[in-house]
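Let me begin by presenting the structure, written as structure tokens, before commenting on it.
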Protein chains: 2
Amino acid sequence: MPQVRNNGLPAYKRIQGAILKLLEAGQLKPGDPVDSERELAKIHSVSLMTARHALAGLERDGKVVRRRGAGTFVAPPKIHFNKLMSYTEQMSGRGLKISSKLLFVNVIDTAPEIAARLALPAASHLIKLERLRLGGDEPFAIETCYLSAHDFGGLMRARLDRMSLFSILEHDYGLRIAHADEEVDATTADAHSARLLGTPQGSALLRIRQQIFSTQGKIVMYVLGLYRSDRHTVLIRRFR
Amino acid sequence: MPQVRNNGLPAYKRIQGAILKLLEAGQLKPGDPVDSERELAKIHSVSLMTARHALAGLERDGKVVRRRGAGTFVAPPKIHFNKLMSYTEQMSGRGLKISSKLLFVNVIDTAPEIAARLALPAASHLIKLERLRLGGDEPFAIETCYLSAHDFGGLMRARLDRMSLFSILEHDYGLRIAHADEEVDATTADAHSARLLGTPQGSALLRIRQQIFSTQGKIVMYVLGLYRSDRHTVLIRRFR
DNA sequence: AAGTGGTCTAGACCACGGC
DNA sequence: CCGTGGTCTAGACCACTTC
């Protein structure tokens, strides 16, 4: 008998969803065995290959670990290496109370180098958004974001001081963020930065330049961040 | 008819190997179409599912791109993001002539913090290896490596000034390097570093601490690197 | 319309792990 | 030994892209 369209969702995704639901509900903890291929095949009335396909996908995403002869198990808690997170997301999860102070927001049109970073024509109108990031009561970082004013004009009226920029982009503009290419180097604090960050002039700062890409491959934002080195380190996992 | 053991190699790996051979030989360029699933199945006398499995593996590794209704194509030239490379490997590929100057090599046993980074007992004997890295004729970086003296005693007699440390570990000790966890922050040059690197005291340096893991999950080396910020930036790709 | 990848079946044998 | 994942068959229909 040919496959039956239950609801337009492929069977293997349905199976994955069922397992993911158990994971998120905490009913399955790291190390716990997941239903075997044969069990899943019976439970969901699919063939073995389809159940296998479902588990293979979950393994590729690091959700489960499969051990020949033993079974399939919930993967150990994944350390979030090389994960793109907004400042807000990074800090929640730590006990730090985070806040932002809007330093500057306006439209500029004479920043050809920035426009180039966004893959836009040199004279494009850009939203420039400069924020001081604080953790606890101490300043951590200065972040300057640039976006196309044409595409994101409404941003100027958003609750930028209260909402995460990421969530505004994802919810109000319906775009999904895929990845960021970052350039990290070191610099020293000039008088302006030092005053804002409350550090001595000449102290070490991490400088991170980010191009943030949507799932369509478009560069939606360029961010230049200056981070107090005594409060910030970048973690990377590199593979051979 | 049940599967036939051609040589102990699974059929899907044999197919992958055949395609990879064409890629490496340059007979297939980025964008070129690869044999379709059905063609591969015929050519290699396997079922469609097996040919599919082969292509799925190559896609997971980023070697090919599959487009429904269109075909399977050689993936565009991969930019080596988040790839762990030795200094030697990073620089070859750029026109820079690279060299190293051995500053210090000895066994130490009073570096409990370093030993901890290597997951060794506090008083372990460690090989400490300090090198100045040069590109062209200019100093780029100071790299200090630490390894277990017990496991890698023979290193002291190796051609450290001529051979890549990575290749010594991989060839002489037969261990495969899997990944590195890195901590990146910024600091300023003290008198000693400034003199070695030929920069003013107080200039910005990138500091990178690496724990290098073997495929067995053991930490084989800890590296502390200080990089001239005007000559070095770290590139990362982060995913959402 | 022809060809492609995506999904799926209902079985099979093999190699490995734990008991 | 039994159950597990790993590999594989010989087909099928669907959704999509290209022409």
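Letters A, B, ... mark the chains of the structure tokens in the order given; residue numbers begin at 1 per chain; ligand numbers begin at 1, in order shown.
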Would you give me, as JSON lines, each residue of chain C having an atom within 9 Å of an atom of chain B, along with its shortest atom pair and that distance in Å to one decimal, using only C-alpha atoms (C1' of nucleotides) and sorting by chain and residue number?
```
{"residue": "C:DG3", "atom": "C1'", "partner": "B:Gly69", "partner_atom": "CA", "distance": 7.5}
{"residue": "C:DT4", "atom": "C1'", "partner": "B:Gly69", "partner_atom": "CA", "distance": 4.0}
{"residue": "C:DG5", "atom": "C1'", "partner": "B:Arg68", "partner_atom": "CA", "distance": 4.3}
{"residue": "C:DG6", "atom": "C1'", "partner": "B:Arg68", "partner_atom": "CA", "distance": 7.6}
{"residue": "C:DA12", "atom": "C1'", "partner": "B:Pro2", "partner_atom": "CA", "distance": 6.9}
{"residue": "C:DC13", "atom": "C1'", "partner": "B:Pro2", "partner_atom": "CA", "distance": 6.8}
```
Mind dumping a table of every chain D residue within 8 Å of chain B, with the nearest atom pair and its distance in Å to one decimal, using only C-alpha atoms (C1' of nucleotides), sorted by chain and rising number, as JSON lines?
```
{"residue": "D:DT7", "atom": "C1'", "partner": "B:Pro10", "partner_atom": "CA", "distance": 7.1}
{"residue": "D:DC8", "atom": "C1'", "partner": "B:Gln3", "partner_atom": "CA", "distance": 6.1}
{"residue": "D:DT9", "atom": "C1'", "partner": "B:Ser47", "partner_atom": "CA", "distance": 6.0}
{"residue": "D:DA10", "atom": "C1'", "partner": "B:Ser47", "partner_atom": "CA", "distance": 6.9}
{"residue": "D:DC16", "atom": "C1'", "partner": "B:Gly69", "partner_atom": "CA", "distance": 4.7}
{"residue": "D:DT17", "atom": "C1'", "partner": "B:Gly69", "partner_atom": "CA", "distance": 4.4}
{"residue": "D:DT18", "atom": "C1'", "partner": "B:Ala70", "partner_atom": "CA", "distance": 7.2}
```
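Among the candidates B:Ala178, B:Ile208, B:Ala141, B:Leu224, the residue lying nearest to chain A is B:Ala178 (atoms considered: only C-alpha atoms).
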Could you tell me which residues of chain A sit within 9 Å of chain B when counting only C-alpha atoms, and give me the result as a PyMOL selection string?
chain A and resi 60+81-85+177-188+202-207+228-230+232-240
Which residues are near Arg14 in chain B? Cut-off 9 Å, only C-alpha atoms (C1' of nucleotides), ignore same chain within fewer than 5 positions. Put them as a list of chain:residue names.
B:Leu9, B:Ile19, B:His44, B:Ala54
In range 34-201 of chain A, DSSP alpha helix (DSSP H) residues written as a short mmCIF file (atom, residue, chain, number, x, y, z; two decimals) with C-alpha atoms, in the first residue's frame:
```cif
data_model
loop_
_atom_site.label_atom_id
_atom_site.label_comp_id
_atom_site.auth_asym_id
_atom_site.auth_seq_id
_atom_site.Cartn_x
_atom_site.Cartn_y
_atom_site.Cartn_z
CA GLU A 37 14.05 1.74 15.21
CA ARG A 38 11.83 -1.31 15.30
CA GLU A 39 9.70 0.06 18.12
CA LEU A 40 9.26 3.38 16.35
CA ALA A 41 8.33 1.58 13.15
CA LYS A 42 5.59 -0.34 14.96
CA ILE A 43 4.33 2.61 17.01
CA LEU A 48 12.06 0.37 9.32
CA MET A 49 13.79 2.62 6.80
CA THR A 50 11.46 5.48 7.63
CA ALA A 51 12.02 5.12 11.36
CA ARG A 52 15.75 5.01 10.65
CA HIS A 53 15.51 8.17 8.59
CA ALA A 54 13.85 9.94 11.47
CA LEU A 55 16.57 8.93 13.93
CA ALA A 56 19.34 9.75 11.45
CA GLY A 57 18.01 13.29 11.21
CA LEU A 58 17.90 13.70 14.95
CA GLU A 59 21.45 12.40 15.20
CA ARG A 60 22.65 14.84 12.56
CA TYR A 87 23.28 39.94 23.74
CA THR A 88 20.04 39.47 25.60
CA GLU A 89 20.09 35.74 24.94
CA GLN A 90 23.72 35.42 25.96
CA MET A 91 23.20 37.12 29.26
CA PRO A 112 30.06 53.80 1.93
CA GLU A 113 32.26 51.29 3.78
CA ILE A 114 29.37 50.24 5.99
CA ALA A 115 27.02 50.04 3.02
CA ALA A 116 29.54 47.79 1.33
CA ARG A 117 29.51 45.49 4.35
CA ALA A 149 16.67 52.14 6.15
CA HIS A 150 14.68 51.16 3.09
CA ASP A 151 13.97 47.66 4.38
CA PHE A 152 13.61 48.40 8.07
CA LEU A 165 16.65 43.65 18.09
CA PHE A 166 16.76 40.01 17.02
CA SER A 167 13.22 39.37 18.15
CA ILE A 168 11.97 42.52 16.43
CA LEU A 169 13.53 41.39 13.18
CA GLU A 170 12.22 37.87 13.54
CA HIS A 171 8.71 38.74 14.64
CA ASP A 172 7.89 42.09 13.06
CA ALA A 191 38.84 58.65 25.07
CA HIS A 192 35.24 58.33 23.94
CA SER A 193 34.95 54.57 24.42
CA ALA A 194 36.85 54.67 27.68
CA ARG A 195 34.44 57.19 29.14
CA LEU A 196 31.38 55.23 28.08
CA LEU A 197 32.75 51.91 29.27
#
```
Between CA of Lys218 in chain B and CA of Ile79 in chain A - distance in Å to one decimal:
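Interatomic distance, CA of Ile79 in chain A to CA of Lys218 in chain B: 17.2 Å.
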Taking only range 2-238 of chain B into account, list the residues labelled strand (DSSP E) by DSSP (computed from the backbone), as a PyMOL selection string.
chain B and resi 33-34+64-67+71-74+98-108+126-135+138-148+177-188+204-214+219-228+234-238
